[in-house]
Amino acid sequence: MGRLNSTKKAKVGAILLGIGLGGFADGIFLHQILQWHHMLSSVMPPMDMPAMEINMRWDGYFHAFDWIVTVVGIFTLWNAGRHTEPLPQSSWFAGWLLFGWGIFNFVEGLVNHHLLGVHHVRYQGDVYGADPVTAWGLGFVLIGGVGFMVGGWILAHYSKKNF
């Protein structure tokens with residue numbers, strides 16, 4: 001990234017942070033607090049302790065990925081901030097952060113929920129292995145994915161470029 005100017009580095013850093021933080025939000029709220037699903041809950045429903053341990057391990061791999069992307073985003077932002085040119089305002093940064101979160105939701109929802117089917121957002125009656133509630137999956141991709149990307153792009157695009 002040595003050839004990118006500070007604004008472009010900040011944009012890449014914000015998007016990477018959005019991807020990482022979006023993954024953390026998914027894992028913390030949907031996997032742990034609400035317990036709507038785990039990484040492999042469609043292929044290995046966590047109905048007994050061995051299956052739950054495998055699901056928790058894959059949730060951990062998922063969080064490790066989120067952590068790596070977040071750390072790369074932090075260092076990209078750090079690098080952008082080391083230059084003398086002013087960085088864009090906070091609403092611009094927040095827009096690209098939201099855009100990155102939308103990328104995470106879109107890709108994760110499309111790949112894991114719809115293409116691979118390893119888990120779904122929510123199951124009928126909250127029983128793993130039951131038919132997934134498709135509206136939750138579509139809403140995750142369309143609102144949380146496309147909607148966040150569009151909203152983030154609009155926020156970043158219409159913010160003032162510099163302080």
# chains A, B, ... in the order shown; residues from 1 in each chain; ligands from 1
>>> residues_around(residues="region 108-115 of chain A", least_positions_apart="2", cutoff="10 Å", atoms="only C-alpha atoms", output="VMD selection string")
chain A and resid 23 26 39 to 40 42 102 to 106 117 to 121 132 134 137 to 142 144 to 145
>>> write_last_selection(atoms="C-alpha atoms", output="mmCIF file, in the first residue's frame")
data_model
loop_
_atom_site.group_PDB
_atom_site.id
_atom_site.type_symbol
_atom_site.label_atom_id
_atom_site.label_comp_id
_atom_site.auth_asym_id
_atom_site.auth_seq_id
_atom_site.Cartn_x
_atom_site.Cartn_y
_atom_site.Cartn_z
ATOM 1 C CA GLY A 23 -17.873 -10.252 11.599
ATOM 2 C CA ASP A 26 -22.351 -11.316 13.737
ATOM 3 C CA MET A 39 -20.757 -21.738 11.945
ATOM 4 C CA LEU A 40 -21.761 -25.318 11.122
ATOM 5 C CA SER A 42 -26.882 -26.674 9.385
ATOM 6 C CA GLY A 102 -22.107 -4.461 4.311
ATOM 7 C CA ILE A 103 -19.453 -6.331 2.307
ATOM 8 C CA PHE A 104 -19.059 -8.759 5.198
ATOM 9 C CA ASN A 105 -22.824 -9.315 5.518
ATOM 10 C CA PHE A 106 -23.302 -9.698 1.768
ATOM 11 C CA GLY A 117 -25.800 -23.660 3.478
ATOM 12 C CA VAL A 118 -23.479 -24.336 6.445
ATOM 13 C CA HIS A 119 -25.719 -22.202 8.640
ATOM 14 C CA HIS A 120 -28.640 -19.825 8.360
ATOM 15 C CA VAL A 121 -29.510 -16.642 10.223
ATOM 16 C CA PRO A 132 -34.433 -22.016 7.982
ATOM 17 C CA THR A 134 -35.716 -17.642 4.525
ATOM 18 C CA GLY A 137 -31.481 -14.886 5.306
ATOM 19 C CA LEU A 138 -32.730 -12.649 2.524
ATOM 20 C CA GLY A 139 -33.006 -9.687 4.886
ATOM 21 C CA PHE A 140 -29.429 -10.280 6.064
ATOM 22 C CA VAL A 141 -28.110 -10.158 2.479
ATOM 23 C CA LEU A 142 -30.369 -7.384 1.174
ATOM 24 C CA GLY A 144 -27.455 -5.899 6.101
ATOM 25 C CA GLY A 145 -25.421 -6.408 2.942
#
>>> atom_distance(atom1="CA of Ile154 (chain A)", atom2="CA of Gly95 (chain A)")
7.2 Å
>>> closest_residue(among="A:Lys9, A:His157, A:Arg122, A:His37", to="Thr76 (chain A)", atoms="only C-alpha atoms")
A:Lys9
>>> residues_around(residues="Gly151 (chain A)", least_positions_apart="2", cutoff="8 Å", atoms="only C-alpha atoms", output="list in words")
Gly95, Leu98, Phe99, Gly147, Phe148, Met149, Trp153, Ile154 and Leu155 of chain A
>>> residues_around(residues="Tyr61 (chain A)", least_positions_apart="4", cutoff="12 Å", atoms="only C-alpha atoms", output="ChimeraX atom specification")
/A:23-24,27,38-40,54-57,65-68
>>> write_last_selection(atoms="C-alpha atoms", output="compact mmCIF listing (two decimals), in the first residue's frame")
# COMPACT_ATOMS: atom_id res chain seq x y z
CA GLY A 23 -17.87 -10.25 11.60
CA PHE A 24 -17.47 -9.59 15.31
CA GLY A 27 -20.41 -13.66 16.00
CA HIS A 38 -23.19 -21.34 14.84
CA MET A 39 -20.76 -21.74 11.95
CA LEU A 40 -21.76 -25.32 11.12
CA ILE A 54 -17.08 -28.57 16.90
CA ASN A 55 -19.42 -25.64 16.24
CA MET A 56 -17.70 -23.57 18.92
CA ARG A 57 -14.28 -24.37 17.43
CA PHE A 65 -10.45 -14.33 10.82
CA ASP A 66 -12.36 -11.27 12.06
CA TRP A 67 -9.48 -10.38 14.39
CA ILE A 68 -6.87 -10.63 11.60
>>> atom_distance(atom1="CA of Ala94 (chain A)", atom2="CA of Leu16 (chain A)")
12.1 Å
>>> select_by_dssp(residues="region 16-126 of chain A", states="helix (DSSP H, G or I)", output="count of residues only")
80
>>> atom_distance(atom1="CA of Ile33 (chain A)", atom2="CA of Ala64 (chain A)")
18.2 Å
>>> decode(residues="region 24-53 of chain A", atoms="N, CA, C and O atoms", output="PDB file, in the first residue's frame")
ATOM      1  N   PHE A  24     -17.348  -9.519  13.855  1.00  0.00           N
ATOM      2  CA  PHE A  24     -17.468  -9.593  15.310  1.00  0.00           C
ATOM      3  C   PHE A  24     -18.923  -9.385  15.742  1.00  0.00           C
ATOM      4  O   PHE A  24     -19.406 -10.077  16.644  1.00  0.00           O
ATOM      5  N   ALA A  25     -19.626  -8.435  15.138  1.00  0.00           N
ATOM      6  CA  ALA A  25     -21.034  -8.196  15.494  1.00  0.00           C
ATOM      7  C   ALA A  25     -21.864  -9.448  15.226  1.00  0.00           C
ATOM      8  O   ALA A  25     -22.685  -9.851  16.061  1.00  0.00           O
ATOM      9  N   ASP A  26     -21.638 -10.087  14.082  1.00  0.00           N
ATOM     10  CA  ASP A  26     -22.351 -11.316  13.737  1.00  0.00           C
ATOM     11  C   ASP A  26     -22.061 -12.399  14.775  1.00  0.00           C
ATOM     12  O   ASP A  26     -22.977 -13.029  15.311  1.00  0.00           O
ATOM     13  N   GLY A  27     -20.780 -12.608  15.059  1.00  0.00           N
ATOM     14  CA  GLY A  27     -20.407 -13.662  15.995  1.00  0.00           C
ATOM     15  C   GLY A  27     -20.881 -13.404  17.410  1.00  0.00           C
ATOM     16  O   GLY A  27     -21.369 -14.314  18.095  1.00  0.00           O
ATOM     17  N   ILE A  28     -20.756 -12.176  17.856  1.00  0.00           N
ATOM     18  CA  ILE A  28     -21.149 -11.850  19.232  1.00  0.00           C
ATOM     19  C   ILE A  28     -22.662 -11.918  19.399  1.00  0.00           C
ATOM     20  O   ILE A  28     -23.173 -12.559  20.325  1.00  0.00           O
ATOM     21  N   PHE A  29     -23.398 -11.265  18.512  1.00  0.00           N
ATOM     22  CA  PHE A  29     -24.852 -11.187  18.692  1.00  0.00           C
ATOM     23  C   PHE A  29     -25.590 -12.426  18.200  1.00  0.00           C
ATOM     24  O   PHE A  29     -26.410 -12.977  18.923  1.00  0.00           O
ATOM     25  N   LEU A  30     -25.304 -12.879  16.964  1.00  0.00           N
ATOM     26  CA  LEU A  30     -26.067 -14.003  16.412  1.00  0.00           C
ATOM     27  C   LEU A  30     -25.586 -15.355  16.921  1.00  0.00           C
ATOM     28  O   LEU A  30     -26.388 -16.264  17.112  1.00  0.00           O
ATOM     29  N   HIS A  31     -24.262 -15.509  17.125  1.00  0.00           N
ATOM     30  CA  HIS A  31     -23.737 -16.796  17.579  1.00  0.00           C
ATOM     31  C   HIS A  31     -23.810 -16.934  19.099  1.00  0.00           C
ATOM     32  O   HIS A  31     -24.228 -17.965  19.610  1.00  0.00           O
ATOM     33  N   GLN A  32     -23.369 -15.899  19.822  1.00  0.00           N
ATOM     34  CA  GLN A  32     -23.199 -16.056  21.261  1.00  0.00           C
ATOM     35  C   GLN A  32     -24.375 -15.539  22.095  1.00  0.00           C
ATOM     36  O   GLN A  32     -24.875 -16.261  22.947  1.00  0.00           O
ATOM     37  N   ILE A  33     -24.815 -14.305  21.875  1.00  0.00           N
ATOM     38  CA  ILE A  33     -25.871 -13.745  22.729  1.00  0.00           C
ATOM     39  C   ILE A  33     -27.238 -14.314  22.362  1.00  0.00           C
ATOM     40  O   ILE A  33     -27.937 -14.868  23.210  1.00  0.00           O
ATOM     41  N   LEU A  34     -27.637 -14.187  21.089  1.00  0.00           N
ATOM     42  CA  LEU A  34     -28.951 -14.688  20.678  1.00  0.00           C
ATOM     43  C   LEU A  34     -28.953 -16.198  20.444  1.00  0.00           C
ATOM     44  O   LEU A  34     -29.997 -16.832  20.510  1.00  0.00           O
ATOM     45  N   GLN A  35     -27.786 -16.760  20.135  1.00  0.00           N
ATOM     46  CA  GLN A  35     -27.614 -18.190  19.843  1.00  0.00           C
ATOM     47  C   GLN A  35     -28.561 -18.675  18.747  1.00  0.00           C
ATOM     48  O   GLN A  35     -29.141 -19.753  18.836  1.00  0.00           O
ATOM     49  N   TRP A  36     -28.672 -17.867  17.689  1.00  0.00           N
ATOM     50  CA  TRP A  36     -29.516 -18.236  16.559  1.00  0.00           C
ATOM     51  C   TRP A  36     -28.846 -19.258  15.656  1.00  0.00           C
ATOM     52  O   TRP A  36     -29.509 -20.026  14.983  1.00  0.00           O
ATOM     53  N   HIS A  37     -27.529 -19.218  15.596  1.00  0.00           N
ATOM     54  CA  HIS A  37     -26.798 -20.197  14.795  1.00  0.00           C
ATOM     55  C   HIS A  37     -25.335 -20.223  15.208  1.00  0.00           C
ATOM     56  O   HIS A  37     -24.884 -19.370  15.956  1.00  0.00           O
ATOM     57  N   HIS A  38     -24.629 -21.224  14.702  1.00  0.00           N
ATOM     58  CA  HIS A  38     -23.188 -21.337  14.841  1.00  0.00           C
ATOM     59  C   HIS A  38     -22.646 -21.611  13.442  1.00  0.00           C
ATOM     60  O   HIS A  38     -23.414 -21.824  12.500  1.00  0.00           O
ATOM     61  N   MET A  39     -21.343 -21.633  13.280  1.00  0.00           N
ATOM     62  CA  MET A  39     -20.757 -21.738  11.945  1.00  0.00           C
ATOM     63  C   MET A  39     -21.212 -22.975  11.179  1.00  0.00           C
ATOM     64  O   MET A  39     -21.403 -22.918   9.975  1.00  0.00           O
ATOM     65  N   LEU A  40     -21.394 -24.085  11.824  1.00  0.00           N
ATOM     66  CA  LEU A  40     -21.761 -25.318  11.122  1.00  0.00           C
ATOM     67  C   LEU A  40     -23.120 -25.860  11.536  1.00  0.00           C
ATOM     68  O   LEU A  40     -23.391 -27.049  11.393  1.00  0.00           O
ATOM     69  N   SER A  41     -23.996 -25.014  12.040  1.00  0.00           N
ATOM     70  CA  SER A  41     -25.241 -25.500  12.636  1.00  0.00           C
ATOM     71  C   SER A  41     -26.192 -26.166  11.652  1.00  0.00           C
ATOM     72  O   SER A  41     -27.061 -26.916  12.081  1.00  0.00           O
ATOM     73  N   SER A  42     -26.034 -25.958  10.345  1.00  0.00           N
ATOM     74  CA  SER A  42     -26.882 -26.674   9.385  1.00  0.00           C
ATOM     75  C   SER A  42     -26.332 -28.053   9.057  1.00  0.00           C
ATOM     76  O   SER A  42     -27.095 -28.984   8.814  1.00  0.00           O
ATOM     77  N   VAL A  43     -25.019 -28.187   9.044  1.00  0.00           N
ATOM     78  CA  VAL A  43     -24.427 -29.485   8.698  1.00  0.00           C
ATOM     79  C   VAL A  43     -24.159 -30.340   9.930  1.00  0.00           C
ATOM     80  O   VAL A  43     -24.058 -31.558   9.824  1.00  0.00           O
ATOM     81  N   MET A  44     -24.006 -29.710  11.087  1.00  0.00           N
ATOM     82  CA  MET A  44     -23.790 -30.424  12.339  1.00  0.00           C
ATOM     83  C   MET A  44     -24.556 -29.708  13.442  1.00  0.00           C
ATOM     84  O   MET A  44     -23.991 -28.902  14.185  1.00  0.00           O
ATOM     85  N   PRO A  45     -25.873 -29.939  13.528  1.00  0.00           N
ATOM     86  CA  PRO A  45     -26.661 -29.257  14.549  1.00  0.00           C
ATOM     87  C   PRO A  45     -26.073 -29.488  15.944  1.00  0.00           C
ATOM     88  O   PRO A  45     -25.765 -30.623  16.304  1.00  0.00           O
ATOM     89  N   PRO A  46     -25.903 -28.418  16.719  1.00  0.00           N
ATOM     90  CA  PRO A  46     -25.290 -28.541  18.045  1.00  0.00           C
ATOM     91  C   PRO A  46     -26.276 -29.096  19.080  1.00  0.00           C
ATOM     92  O   PRO A  46     -26.659 -28.422  20.022  1.00  0.00           O
ATOM     93  N   MET A  47     -26.665 -30.350  18.886  1.00  0.00           N
ATOM     94  CA  MET A  47     -27.672 -30.969  19.741  1.00  0.00           C
ATOM     95  C   MET A  47     -27.062 -31.773  20.885  1.00  0.00           C
ATOM     96  O   MET A  47     -27.770 -32.178  21.793  1.00  0.00           O
ATOM     97  N   ASP A  48     -25.754 -32.022  20.819  1.00  0.00           N
ATOM     98  CA  ASP A  48     -25.073 -32.690  21.921  1.00  0.00           C
ATOM     99  C   ASP A  48     -23.713 -32.015  22.110  1.00  0.00           C
ATOM    100  O   ASP A  48     -23.302 -31.177  21.309  1.00  0.00           O
ATOM    101  N   MET A  49     -23.024 -32.362  23.171  1.00  0.00           N
ATOM    102  CA  MET A  49     -21.779 -31.663  23.504  1.00  0.00           C
ATOM    103  C   MET A  49     -20.690 -31.838  22.433  1.00  0.00           C
ATOM    104  O   MET A  49     -20.039 -30.852  22.080  1.00  0.00           O
ATOM    105  N   PRO A  50     -20.459 -33.015  21.855  1.00  0.00           N
ATOM    106  CA  PRO A  50     -19.432 -33.111  20.806  1.00  0.00           C
ATOM    107  C   PRO A  50     -19.730 -32.225  19.597  1.00  0.00           C
ATOM    108  O   PRO A  50     -18.841 -31.556  19.072  1.00  0.00           O
ATOM    109  N   ALA A  51     -20.989 -32.173  19.177  1.00  0.00           N
ATOM    110  CA  ALA A  51     -21.360 -31.311  18.046  1.00  0.00           C
ATOM    111  C   ALA A  51     -21.225 -29.842  18.416  1.00  0.00           C
ATOM    112  O   ALA A  51     -20.797 -29.016  17.609  1.00  0.00           O
ATOM    113  N   MET A  52     -21.579 -29.501  19.656  1.00  0.00           N
ATOM    114  CA  MET A  52     -21.447 -28.121  20.113  1.00  0.00           C
ATOM    115  C   MET A  52     -19.982 -27.703  20.165  1.00  0.00           C
ATOM    116  O   MET A  52     -19.631 -26.579  19.779  1.00  0.00           O
ATOM    117  N   GLU A  53     -19.098 -28.610  20.611  1.00  0.00           N
ATOM    118  CA  GLU A  53     -17.669 -28.302  20.662  1.00  0.00           C
ATOM    119  C   GLU A  53     -17.113 -28.016  19.272  1.00  0.00           C
ATOM    120  O   GLU A  53     -16.320 -27.088  19.089  1.00  0.00           O
TER     121      GLU A  53
END
